[in-house]
>>> print(open('structure07.cif').read())   # mmCIF, C-alpha atoms
data_upload
#
loop_
_atom_site.label_atom_id
_atom_site.label_comp_id
_atom_site.auth_asym_id
_atom_site.auth_seq_id
_atom_site.Cartn_x
_atom_site.Cartn_y
_atom_site.Cartn_z
CA MET A 1 127.34 101.11 -3.59
CA ILE A 2 128.40 99.76 -6.98
CA ASP A 3 131.98 100.85 -6.37
CA ARG A 4 132.04 99.07 -3.00
CA HIS A 5 130.64 95.87 -4.51
CA LEU A 6 133.17 96.12 -7.35
CA THR A 7 135.99 96.55 -4.86
CA VAL A 8 134.89 93.50 -2.88
CA ALA A 9 134.59 91.44 -6.06
CA LEU A 10 138.03 92.47 -7.24
CA ALA A 11 139.51 91.67 -3.84
CA ALA A 12 137.90 88.21 -3.91
CA LEU A 13 139.18 87.63 -7.44
CA ALA A 14 142.69 88.71 -6.43
CA ALA A 15 142.58 86.30 -3.49
CA LEU A 16 141.61 83.45 -5.79
CA VAL A 17 144.41 84.28 -8.22
CA LEU A 18 147.10 84.86 -5.63
CA ALA A 19 146.24 81.95 -3.30
CA PRO A 20 147.94 79.27 -5.46
CA LEU A 21 150.97 81.54 -5.90
CA ALA A 22 151.26 82.11 -2.16
CA ALA A 23 151.04 78.36 -1.54
CA ALA A 24 153.95 77.78 -3.95
CA GLN A 25 156.27 80.41 -2.47
CA GLU A 26 158.54 77.77 -0.91
CA LYS A 27 161.18 76.60 -3.32
CA LEU A 28 164.35 74.55 -3.35
CA GLU A 29 167.34 75.43 -5.55
CA ILE A 30 169.64 72.52 -6.50
CA VAL A 31 172.82 72.62 -8.57
CA SER A 32 173.36 69.20 -10.09
CA PRO A 33 175.14 67.37 -12.92
CA HIS A 34 172.34 64.80 -13.00
CA PRO A 35 170.66 64.18 -16.37
CA GLN A 36 167.09 65.24 -16.98
CA VAL A 37 165.74 61.73 -16.38
CA ILE A 38 166.85 61.87 -12.73
CA GLU A 39 165.58 65.41 -12.20
CA ASP A 40 162.20 64.38 -13.66
CA GLU A 41 161.85 61.62 -11.07
CA PHE A 42 163.30 63.23 -7.93
CA GLY A 43 161.72 66.67 -8.35
CA PRO A 44 158.02 65.69 -8.43
CA ALA A 45 158.51 62.83 -5.95
CA PHE A 46 160.04 65.18 -3.37
CA GLU A 47 157.34 67.81 -3.91
CA ALA A 48 154.71 65.17 -3.07
CA TYR A 49 156.80 63.92 -0.09
CA TYR A 50 157.18 67.46 1.31
CA LYS A 51 153.48 68.20 0.95
CA ALA A 52 152.60 65.00 2.82
CA LYS A 53 155.15 65.71 5.59
CA THR A 54 154.53 69.44 6.13
CA GLY A 55 151.23 70.26 4.48
CA ARG A 56 153.06 72.91 2.45
CA GLU A 57 153.99 73.05 -1.20
CA VAL A 58 157.53 73.37 -2.48
CA SER A 59 158.85 73.88 -5.98
CA VAL A 60 162.16 72.24 -6.94
CA LYS A 61 164.38 74.23 -9.31
CA TRP A 62 167.46 72.67 -10.94
CA ARG A 63 170.56 74.53 -12.07
CA ASP A 64 172.63 72.92 -14.80
CA MET A 65 176.23 74.12 -15.02
CA GLY A 66 177.43 71.10 -17.01
CA GLY A 67 179.20 68.12 -15.47
CA THR A 68 180.39 67.61 -11.89
CA SER A 69 183.71 69.39 -12.53
CA ASP A 70 181.80 72.37 -13.96
CA ASP A 71 179.48 72.44 -10.92
CA LEU A 72 182.42 72.23 -8.52
CA ARG A 73 184.21 75.09 -10.29
CA TRP A 74 181.04 77.21 -10.21
CA ILE A 75 180.42 76.61 -6.50
CA LYS A 76 184.01 77.50 -5.59
CA SER A 77 183.93 80.62 -7.73
CA GLU A 78 180.59 81.84 -6.39
CA PHE A 79 181.50 81.26 -2.74
CA ALA A 80 184.77 83.14 -3.28
CA LYS A 81 182.64 86.14 -4.28
CA ARG A 82 179.78 85.58 -1.82
CA PRO A 83 181.03 83.71 1.26
CA GLU A 84 177.71 84.08 3.07
CA GLY A 85 175.80 82.03 0.48
CA VAL A 86 175.08 81.69 -3.23
CA ASP A 87 171.25 81.48 -3.27
CA VAL A 88 171.43 77.73 -3.88
CA ASP A 89 170.40 75.16 -1.29
CA LEU A 90 171.97 71.88 -2.38
CA PHE A 91 174.69 70.27 -4.44
CA PHE A 92 173.38 66.88 -5.62
CA GLY A 93 175.34 64.45 -7.76
CA GLY A 94 178.94 63.55 -8.52
CA GLY A 95 181.33 61.36 -6.57
CA SER A 96 182.54 61.94 -3.04
CA ASP A 97 185.81 63.74 -3.93
CA PRO A 98 184.15 67.10 -4.76
CA TYR A 99 182.29 67.03 -1.45
CA VAL A 100 185.46 66.34 0.50
CA GLN A 101 186.96 69.40 -1.21
CA LEU A 102 183.96 71.57 -0.40
CA LYS A 103 183.94 70.39 3.21
CA ALA A 104 187.60 71.45 3.56
CA LEU A 105 186.65 74.88 2.19
CA GLY A 106 183.83 75.18 4.74
CA VAL A 107 181.25 75.46 1.98
CA LEU A 108 179.02 72.60 3.17
CA GLN A 109 176.57 73.01 6.02
CA PRO A 110 176.51 70.10 8.53
CA TYR A 111 173.21 68.26 8.87
CA ARG A 112 172.77 64.99 10.76
CA THR A 113 169.87 63.02 9.40
CA SER A 114 167.80 60.78 11.70
CA ASP A 115 169.16 57.68 13.44
CA GLN A 116 166.45 55.68 11.70
CA ILE A 117 167.81 56.63 8.28
CA LEU A 118 171.46 56.22 9.26
CA SER A 119 170.80 52.74 10.66
CA ARG A 120 170.09 51.53 7.11
CA ILE A 121 173.27 52.99 5.60
CA PRO A 122 176.68 51.44 6.40
CA SER A 123 179.45 53.95 7.08
CA ASP A 124 181.54 52.52 4.23
CA ILE A 125 181.64 49.87 1.54
CA GLY A 126 184.90 48.12 0.74
CA GLY A 127 186.75 50.90 2.55
CA VAL A 128 185.01 53.67 0.59
CA PRO A 129 183.07 56.07 2.91
CA LEU A 130 179.35 56.32 2.24
CA TYR A 131 178.93 59.55 4.18
CA ASP A 132 180.83 62.06 6.32
CA ALA A 133 180.69 60.26 9.65
CA GLU A 134 182.53 63.09 11.44
CA GLU A 135 180.53 66.23 10.68
CA PHE A 136 177.71 64.95 8.42
CA THR A 137 178.38 67.54 5.71
CA TRP A 138 177.68 65.11 2.85
CA TYR A 139 176.00 61.77 2.22
CA GLY A 140 176.35 59.20 -0.53
CA THR A 141 172.95 58.56 -2.09
CA ALA A 142 173.68 55.83 -4.65
CA ILE A 143 176.60 53.51 -5.40
CA SER A 144 178.28 53.29 -8.78
CA GLY A 145 180.93 51.09 -10.36
CA PHE A 146 183.26 51.95 -13.24
CA GLY A 147 184.14 49.77 -16.19
CA VAL A 148 184.35 49.42 -19.97
CA ILE A 149 181.34 49.40 -22.31
CA TYR A 150 181.82 47.92 -25.77
CA ASN A 151 180.08 47.22 -29.07
CA LYS A 152 180.42 43.50 -29.82
CA ALA A 153 179.88 43.71 -33.58
CA LEU A 154 182.40 46.50 -34.04
CA LEU A 155 185.06 44.72 -31.99
CA LYS A 156 184.60 41.60 -34.09
CA ARG A 157 184.98 43.62 -37.27
CA LEU A 158 188.17 45.24 -35.91
CA GLY A 159 189.58 41.89 -34.82
CA ALA A 160 189.82 43.02 -31.20
CA ALA A 161 188.89 40.92 -28.18
CA GLU A 162 186.14 42.05 -25.84
CA PRO A 163 187.81 44.26 -23.19
CA ARG A 164 188.18 43.04 -19.63
CA THR A 165 190.66 45.58 -18.25
CA TRP A 166 191.56 49.24 -18.79
CA GLU A 167 194.67 48.14 -20.69
CA ASP A 168 192.43 46.72 -23.41
CA LEU A 169 191.44 50.28 -24.37
CA ALA A 170 195.11 50.81 -25.30
CA ASN A 171 194.99 48.04 -27.92
CA PRO A 172 196.33 49.45 -31.25
CA LYS A 173 193.52 47.58 -33.03
CA LEU A 174 191.16 50.18 -31.53
CA PHE A 175 192.96 53.09 -33.19
CA THR A 176 190.40 55.91 -33.64
CA TRP A 177 187.66 53.66 -32.20
CA VAL A 178 187.78 54.56 -28.49
CA GLY A 179 185.38 57.04 -26.93
CA ALA A 180 186.70 59.11 -24.03
CA GLY A 181 185.71 62.19 -22.06
CA ASP A 182 187.13 65.45 -20.75
CA PRO A 183 187.69 65.34 -16.96
CA ARG A 184 187.60 69.13 -16.81
CA HIS A 185 183.84 68.91 -17.35
CA SER A 186 182.83 65.51 -15.98
CA GLY A 187 183.48 64.09 -12.53
CA THR A 188 182.65 60.61 -13.79
CA VAL A 189 185.29 60.87 -16.52
CA HIS A 190 187.77 62.23 -13.98
CA MET A 191 187.12 59.22 -11.77
CA THR A 192 187.92 56.82 -14.61
CA TYR A 193 191.35 58.39 -15.10
CA GLU A 194 192.05 58.50 -11.35
CA ILE A 195 191.16 54.80 -11.06
CA ILE A 196 193.61 53.91 -13.84
CA LEU A 197 196.40 55.89 -12.18
CA GLU A 198 195.80 54.27 -8.81
CA ALA A 199 195.24 50.76 -10.19
CA TYR A 200 198.43 50.61 -12.28
CA GLY A 201 200.64 53.18 -10.62
CA TRP A 202 201.71 56.56 -11.94
CA ARG A 203 204.02 55.52 -14.78
CA ARG A 204 202.08 52.55 -16.16
CA GLY A 205 198.81 54.41 -15.61
CA TRP A 206 200.04 57.27 -17.78
CA GLU A 207 201.07 54.83 -20.50
CA ILE A 208 197.54 53.44 -20.59
CA ILE A 209 195.94 56.91 -20.56
CA ALA A 210 198.26 58.14 -23.33
CA ALA A 211 197.55 55.07 -25.49
CA MET A 212 193.81 55.46 -24.85
CA GLY A 213 194.16 59.09 -25.92
CA GLY A 214 195.96 58.00 -29.08
CA ASN A 215 193.10 55.59 -29.83
CA THR A 216 190.41 58.13 -29.05
CA LYS A 217 188.18 59.32 -31.85
CA THR A 218 186.64 62.19 -29.90
CA PHE A 219 186.52 63.55 -26.36
CA PHE A 220 182.98 63.99 -25.12
CA GLN A 221 181.87 66.64 -22.64
CA ALA A 222 179.43 64.41 -20.74
CA ALA A 223 180.10 60.92 -19.40
CA SER A 224 176.70 59.75 -20.69
CA ASP A 225 177.76 60.55 -24.27
CA ILE A 226 180.31 57.70 -24.33
CA PRO A 227 177.88 54.78 -23.80
CA ARG A 228 175.48 56.29 -26.31
CA ALA A 229 178.29 56.57 -28.86
CA VAL A 230 179.23 52.93 -28.27
CA ALA A 231 175.63 51.78 -28.68
CA SER A 232 175.17 53.79 -31.89
CA GLY A 233 178.41 52.48 -33.40
CA GLN A 234 180.29 55.78 -33.43
CA VAL A 235 183.01 54.17 -31.30
CA ALA A 236 183.75 50.58 -30.34
CA ALA A 237 184.55 50.93 -26.63
CA GLY A 238 185.04 53.41 -23.80
CA GLY A 239 185.01 53.91 -20.07
CA ALA A 240 181.57 54.12 -18.45
CA ILE A 241 179.82 54.23 -15.13
CA ASP A 242 177.62 51.21 -14.61
CA PHE A 243 174.14 52.74 -14.81
CA TYR A 244 174.80 54.43 -18.16
CA ALA A 245 176.05 51.08 -19.47
CA TRP A 246 173.05 49.13 -18.17
CA THR A 247 170.67 51.63 -19.75
CA GLN A 248 172.23 51.10 -23.18
CA ILE A 249 172.34 47.32 -22.73
CA GLU A 250 168.63 47.23 -21.93
CA GLN A 251 167.79 49.38 -24.94
CA ALA A 252 170.11 47.74 -27.50
CA GLY A 253 170.31 44.19 -26.10
CA SER A 254 173.08 42.27 -24.36
CA ASP A 255 173.82 40.47 -27.61
CA LYS A 256 175.02 43.78 -29.06
CA ILE A 257 176.46 45.71 -26.12
CA GLY A 258 178.68 44.42 -23.30
CA PHE A 259 180.04 45.89 -20.07
CA ALA A 260 183.00 44.71 -17.99
CA MET A 261 184.21 45.93 -14.60
CA PRO A 262 187.97 45.21 -14.42
CA ILE A 263 188.45 42.78 -11.53
CA GLY A 264 190.66 44.25 -8.85
CA LEU A 265 191.29 47.33 -11.00
CA THR A 266 188.25 49.45 -10.30
CA VAL A 267 186.38 50.97 -7.39
CA ILE A 268 182.88 51.82 -6.42
CA ASN A 269 181.97 55.40 -5.65
CA THR A 270 179.02 57.28 -4.24
CA ASP A 271 176.72 59.77 -5.94
CA SER A 272 176.55 62.32 -3.14
CA ILE A 273 174.56 65.23 -1.74
CA GLY A 274 175.30 68.15 0.58
CA ILE A 275 173.61 71.32 1.84
CA LEU A 276 175.47 74.48 0.84
CA ARG A 277 176.37 77.09 3.45
CA GLY A 278 173.81 79.88 3.67
CA ALA A 279 171.10 77.77 2.02
CA PRO A 280 168.10 80.13 1.65
CA ASN A 281 165.62 77.30 2.29
CA PRO A 282 167.28 75.19 5.00
CA GLU A 283 164.15 73.32 6.13
CA ALA A 284 163.32 72.17 2.60
CA ALA A 285 167.00 71.33 1.99
CA LYS A 286 167.14 69.08 5.07
CA ALA A 287 163.89 67.44 4.05
CA PHE A 288 165.31 66.74 0.59
CA VAL A 289 168.37 65.05 2.10
CA ASP A 290 166.08 62.92 4.29
CA PHE A 291 163.93 62.06 1.29
CA VAL A 292 166.84 61.01 -0.92
CA LEU A 293 168.18 58.77 1.87
CA SER A 294 164.78 57.20 2.66
CA ASP A 295 161.87 57.05 0.19
CA GLY A 296 164.08 58.29 -2.64
CA GLN A 297 166.27 55.19 -2.42
CA LYS A 298 163.54 53.24 -4.20
CA LEU A 299 163.62 55.68 -7.12
CA TRP A 300 167.23 54.64 -7.78
CA TYR A 301 166.61 50.93 -7.43
CA LEU A 302 163.16 49.85 -8.56
CA LYS A 303 161.88 49.35 -12.07
CA SER A 304 159.73 52.11 -13.53
CA GLY A 305 156.09 51.66 -12.61
CA ALA A 306 156.78 49.65 -9.45
CA PRO A 307 155.12 51.03 -6.28
CA GLY A 308 157.43 53.71 -4.90
CA GLY A 309 159.66 53.46 -7.95
CA PRO A 310 160.27 55.90 -10.80
CA LYS A 311 157.26 56.95 -12.86
CA LYS A 312 158.83 57.31 -16.31
CA SER A 313 162.18 55.53 -16.58
CA SER A 314 164.22 53.05 -14.57
CA LEU A 315 167.36 54.76 -13.23
CA TYR A 316 169.52 51.62 -12.87
CA ARG A 317 171.25 52.78 -9.71
CA MET A 318 172.42 50.86 -6.64
CA PRO A 319 171.14 52.49 -3.42
CA VAL A 320 173.24 53.08 -0.29
CA GLY A 321 170.40 51.64 1.78
CA LYS A 322 171.69 48.14 2.39
CA THR A 323 168.33 46.67 3.43
CA LEU A 324 166.69 47.36 0.06
CA TYR A 325 168.61 44.59 -1.70
CA ALA A 326 166.85 41.89 0.30
CA GLU A 327 163.57 43.76 0.75
CA PHE A 328 162.99 44.32 -2.98
CA ALA A 329 164.76 41.33 -4.50
CA GLY A 330 163.24 40.61 -7.92
CA GLN A 331 161.70 44.07 -8.27
CA SER A 332 164.88 46.00 -8.94
CA ALA A 333 166.17 47.46 -12.21
CA VAL A 334 169.69 46.21 -11.37
CA THR A 335 170.57 42.71 -10.26
CA THR A 336 173.90 43.25 -8.50
CA ASN A 337 174.45 43.86 -4.79
CA PRO A 338 177.63 45.91 -4.21
CA PHE A 339 177.66 44.97 -0.54
CA ALA A 340 178.38 41.38 -1.62
CA TRP A 341 181.36 42.29 -3.82
CA GLY A 342 184.03 42.35 -1.14
CA LYS A 343 187.00 44.69 -1.25
CA GLY A 344 188.35 45.82 -4.62
CA LEU A 345 191.06 48.28 -5.50
CA GLU A 346 192.63 50.05 -2.52
CA TYR A 347 191.49 53.55 -3.46
CA ASN A 348 193.34 56.49 -1.89
CA ALA A 349 190.53 59.01 -1.50
CA ALA A 350 192.70 61.60 0.25
CA LEU A 351 195.27 61.57 -2.58
CA ALA A 352 192.53 61.71 -5.22
CA THR A 353 190.89 64.71 -3.58
CA ALA A 354 194.17 66.60 -3.11
CA ARG A 355 195.11 66.35 -6.80
CA TYR A 356 191.64 66.48 -8.36
CA GLU A 357 192.01 69.75 -10.30
CA ALA A 358 195.71 69.18 -11.04
CA ILE A 359 194.97 65.80 -12.67
CA ASN A 360 192.29 67.43 -14.79
CA ASP A 361 194.70 70.16 -15.91
CA LEU A 362 197.48 67.68 -16.70
CA ILE A 363 195.30 65.31 -18.72
CA GLY A 364 193.65 68.26 -20.42
CA ALA A 365 197.02 69.69 -21.48
CA VAL A 366 199.00 66.55 -22.34
CA ILE A 367 196.24 64.31 -23.79
CA ILE A 368 193.24 66.37 -24.90
CA ASP A 369 194.55 69.79 -25.96
CA SER A 370 197.50 68.06 -27.67
CA HIS A 371 195.36 65.35 -29.27
CA ASP A 372 196.05 66.33 -32.88
CA GLU A 373 199.75 65.73 -32.27
CA LEU A 374 199.27 62.71 -29.99
CA VAL A 375 197.36 60.61 -32.55
CA PRO A 376 200.10 60.33 -35.21
CA ALA A 377 202.73 59.89 -32.49
CA TRP A 378 200.77 56.97 -31.01
CA LYS A 379 200.25 55.44 -34.45
CA SER A 380 203.99 55.60 -35.06
CA ALA A 381 204.80 54.17 -31.60
CA SER A 382 202.40 51.24 -32.02
CA LYS A 383 204.14 50.24 -35.25
CA ALA A 384 207.70 50.72 -33.96
CA ALA A 385 210.19 47.84 -33.84
CA ASP A 386 209.92 47.99 -30.03
CA PRO A 387 206.37 49.26 -29.28
CA ALA A 388 206.82 49.03 -25.51
CA LYS A 389 209.90 51.23 -25.61
CA ALA A 390 208.22 53.70 -28.00
CA LEU A 391 205.13 53.88 -25.79
CA ALA A 392 207.27 54.47 -22.70
CA GLU A 393 208.88 57.46 -24.42
CA LEU A 394 205.56 58.74 -25.73
CA ALA A 395 203.80 58.47 -22.39
CA ALA A 396 206.52 59.79 -20.09
CA PRO A 397 204.57 62.30 -17.95
CA PRO A 398 206.03 65.81 -17.60
CA VAL A 399 205.97 65.54 -13.79
CA THR A 400 206.26 62.77 -11.23
CA GLU A 401 203.38 61.86 -8.98
CA ASP A 402 204.99 63.59 -6.00
CA GLU A 403 205.72 66.70 -8.06
CA LEU A 404 202.11 66.96 -9.19
CA THR A 405 200.84 66.52 -5.64
CA GLN A 406 203.10 69.37 -4.55
CA LEU A 407 202.06 71.55 -7.49
CA ALA A 408 198.41 70.98 -6.55
CA LYS A 409 199.16 72.71 -3.23
CA THR A 410 201.28 75.53 -4.67
CA ASP A 411 201.40 76.70 -8.31
CA MET A 412 198.02 75.28 -9.29
CA THR A 413 196.25 77.40 -6.66
CA ASP A 414 197.51 80.63 -8.27
CA PRO A 415 195.62 81.47 -11.51
CA ILE A 416 198.63 83.01 -13.27
CA LYS A 417 201.09 80.27 -12.29
CA ARG A 418 198.50 77.63 -13.12
CA ASN A 419 197.91 78.98 -16.63
CA ASN A 420 201.67 79.27 -17.22
CA ARG A 421 202.17 75.66 -16.10
CA ILE A 422 199.36 74.40 -18.35
CA THR A 423 200.85 76.28 -21.31
CA GLN A 424 204.26 74.72 -20.62
CA TRP A 425 202.71 71.24 -20.51
CA VAL A 426 200.82 71.76 -23.78
CA ASN A 427 203.84 73.13 -25.64
CA ALA A 428 206.19 70.41 -24.36
CA ALA A 429 203.70 67.63 -25.18
CA ARG A 430 203.09 68.88 -28.72
CA GLU A 431 206.80 69.24 -29.41
CA LYS A 432 207.51 65.73 -28.13
CA TYR A 433 204.65 64.16 -30.09
CA ARG A 434 205.70 65.86 -33.33
CA ALA A 435 209.25 64.61 -32.90
CA LEU A 436 208.08 61.05 -32.21
CA ALA A 437 205.72 61.09 -35.18
CA ARG A 438 208.63 62.08 -37.45
#
>>> encode(input="structure07.cif", output="structure tokens")
Amino acid sequence: MIDRHLTVALAALAALVLAPLAAAQEKLEIVSPHPQVIEDEFGPAFEAYYKAKTGREVSVKWRDMGGTSDDLRWIKSEFAKRPEGVDVDLFFGGGSDPYVQLKALGVLQPYRTSDQILSRIPSDIGGVPLYDAEEFTWYGTAISGFGVIYNKALLKRLGAAEPRTWEDLANPKLFTWVGAGDPRHSGTVHMTYEIILEAYGWRRGWEIIAAMGGNTKTFFQAASDIPRAVASGQVAAGGAIDFYAWTQIEQAGSDKIGFAMPIGLTVINTDSIGILRGAPNPEAAKAFVDFVLSDGQKLWYLKSGAPGGPKKSSLYRMPVGKTLYAEFAGQSAVTTNPFAWGKGLEYNAALATARYEAINDLIGAVIIDSHDELVPAWKSASKAADPAKALAELAAPPVTEDELTQLAKTDMTDPIKRNNRITQWVNAAREKYRALAR
């Protein structure tokens, strides 16, 4: 009798212990370049949303591979090994270019959200698509603009004017005082370089990038490191995405930190999301997409503590939901409405996507991996009798735009040929820079 009672008691105890675990069996795996502050807001908010919608609990798990470029490389590599699926449900974050690439590879799973949600999101803004209107493989979730963040006191000390265009980062007065990033790790950093190339054209764009590289003190891995370095006084200026800049301005004060979006020389882009093929939790993945495009829009836009807004920190993002700008006027963490900006730079998204990895490899080889040789060469060029002529020689790219586009389709898709090409670029750049420095 005692044994039977003990068995019943143990069974009841096991049920009490295992019940919460059983309720939390549903989970959602997300690979994302987003910083912790975004994960801390979207994770718990979605878990509450899912519970209210389905009556079931879900646990959100985030995978951090680095920046957008790192995530993209990981997803491609894993799907090459496991075409049926990689045990991850969603890719969340980064611009639209990586998603266009993954769509072409068949890695994204189509999902059409509701008409009610889509009715609040325009198909494009200034010619830039806000979602895949053909197959619904990806959606933009927030809108971002790119510009230059700068430290006012440092610029004054250096005798340099406050920057208004990308060319201002090539000012010799900023020698060793520019903060830049590595596009091989960060999609945001990659976008800055692509914008410069498209805004000024291949040759002039490379001159600006080379001069920026010559002025650069250090190349950061994450795009968020650049605004922090500007605010702390490590560097005087650098390229930045708007929400990182606004965060630093709020913390340090607009009297100390400034941010300029080059008029007619920049674009807006979308922070996107897509369900990966073979997602192990497809229902939760679809619900997360719906959430980010509906209730989650307020997390981007509203001030922390506002009803429906973020709990801990304002995220300073511009939502893709056009109606929010009028609906929550005065309650938002940002005061600009991108839908009122009009058309900016004519951005060639197809070209940018086709050469994404090739641009990263070229900048990595010619500017970053050859930086020790580039710096003295740039210093010498800036003090030459004819600086423009010296810069033109310094910044002559090893390939034309058309040649790089072709290489992106051929040599750069073969690991051995790609590595050989990168080695050639590095060696040629270093040799040229050393000669110019002498």
>>> resolve_selection(input="structure07.cif", expression="the PyMOL selection byres ((chain A and resi 132) around 12)", output="short mmCIF file (atom, residue, chain, number, x, y, z; two decimals) with C-alpha atoms, in the coordinates of the input")
data_model
loop_
_atom_site.label_atom_id
_atom_site.label_comp_id
_atom_site.auth_asym_id
_atom_site.auth_seq_id
_atom_site.Cartn_x
_atom_site.Cartn_y
_atom_site.Cartn_z
CA SER A 96 182.54 61.94 -3.04
CA ASP A 97 185.81 63.74 -3.93
CA TYR A 99 182.29 67.03 -1.45
CA VAL A 100 185.46 66.34 0.50
CA LYS A 103 183.94 70.39 3.21
CA ALA A 104 187.60 71.45 3.56
CA LEU A 108 179.02 72.60 3.17
CA GLN A 109 176.57 73.01 6.02
CA PRO A 110 176.51 70.10 8.53
CA TYR A 111 173.21 68.26 8.87
CA ARG A 112 172.77 64.99 10.76
CA THR A 113 169.87 63.02 9.40
CA LEU A 118 171.46 56.22 9.26
CA ILE A 121 173.27 52.99 5.60
CA PRO A 122 176.68 51.44 6.40
CA SER A 123 179.45 53.95 7.08
CA ASP A 124 181.54 52.52 4.23
CA VAL A 128 185.01 53.67 0.59
CA PRO A 129 183.07 56.07 2.91
CA LEU A 130 179.35 56.32 2.24
CA TYR A 131 178.93 59.55 4.18
CA ALA A 133 180.69 60.26 9.65
CA GLU A 134 182.53 63.09 11.44
CA GLU A 135 180.53 66.23 10.68
CA PHE A 136 177.71 64.95 8.42
CA THR A 137 178.38 67.54 5.71
CA TRP A 138 177.68 65.11 2.85
CA TYR A 139 176.00 61.77 2.22
CA GLY A 140 176.35 59.20 -0.53
CA THR A 270 179.02 57.28 -4.24
CA SER A 272 176.55 62.32 -3.14
CA ILE A 273 174.56 65.23 -1.74
CA GLY A 274 175.30 68.15 0.58
#
>>> residues_near_point(input="structure07.cif", point="(156.9, 63.2, 2.2)", cutoff="10 Å", atoms="only C-alpha atoms", output="ChimeraX atom specification")
/A:45-55,287-288,290-291,294-296
>>> residues_around(input="structure07.cif", residues="Phe339 of chain A", least_positions_apart="4", cutoff="10 Å", atoms="only C-alpha atoms", output="mmCIF file with C-alpha atoms, in the coordinates of the input")
data_model
loop_
_atom_site.group_PDB
_atom_site.id
_atom_site.type_symbol
_atom_site.label_atom_id
_atom_site.label_comp_id
_atom_site.auth_asym_id
_atom_site.auth_seq_id
_atom_site.Cartn_x
_atom_site.Cartn_y
_atom_site.Cartn_z
ATOM 1 C CA PRO A 122 176.680 51.440 6.400
ATOM 2 C CA ASP A 124 181.540 52.520 4.230
ATOM 3 C CA ILE A 125 181.640 49.870 1.540
ATOM 4 C CA GLY A 126 184.900 48.120 0.740
ATOM 5 C CA ILE A 143 176.600 53.510 -5.400
ATOM 6 C CA MET A 318 172.420 50.860 -6.640
ATOM 7 C CA VAL A 320 173.240 53.080 -0.290
ATOM 8 C CA LYS A 322 171.690 48.140 2.390
ATOM 9 C CA TYR A 325 168.610 44.590 -1.700
ATOM 10 C CA LYS A 343 187.000 44.690 -1.250
#
>>> residues_around(input="structure07.cif", residues="Asp70 of chain A", least_positions_apart="2", cutoff="10 Å", atoms="all atoms listed in the file", output="count of residues only")
16
>>> closest_residue(input="structure07.cif", among="A:Lys217, A:Lys81, A:Arg317, A:Arg203", to="Trp246 of chain A", atoms="all atoms listed in the file")
A:Arg317
>>> closest_residue(input="structure07.cif", among="A:Lys256, A:Val189, A:Glu84, A:Lys379", to="Leu154 of chain A", atoms="all atoms listed in the file")
A:Lys256
>>> closest_residue(input="structure07.cif", among="A:Ile268, A:Ala142, A:Ala385, A:Ala245", to="Trp341 of chain A", atoms="all atoms listed in the file")
A:Ile268
>>> atom_distance(input="structure07.cif", atom1="atom CA of Gly364 of chain A", atom2="atom CA of Arg204 of chain A")
18.3 Å
>>> closest_residue(input="structure07.cif", among="A:Leu394, A:Leu265, A:Val230, A:Val178", to="Ala381 of chain A", atoms="only C-alpha atoms")
A:Leu394
>>> residues_near_point(input="structure07.cif", point="(205.3, 57.5, -24.8)", cutoff="8 Å", atoms="all atoms listed in the file", output="PyMOL selection string")
chain A and resi 207+210+378+381+389-396
>>> atom_distance(input="structure07.cif", atom1="atom CA of Asn151 of chain A", atom2="atom CA of Ile241 of chain A")
15.6 Å
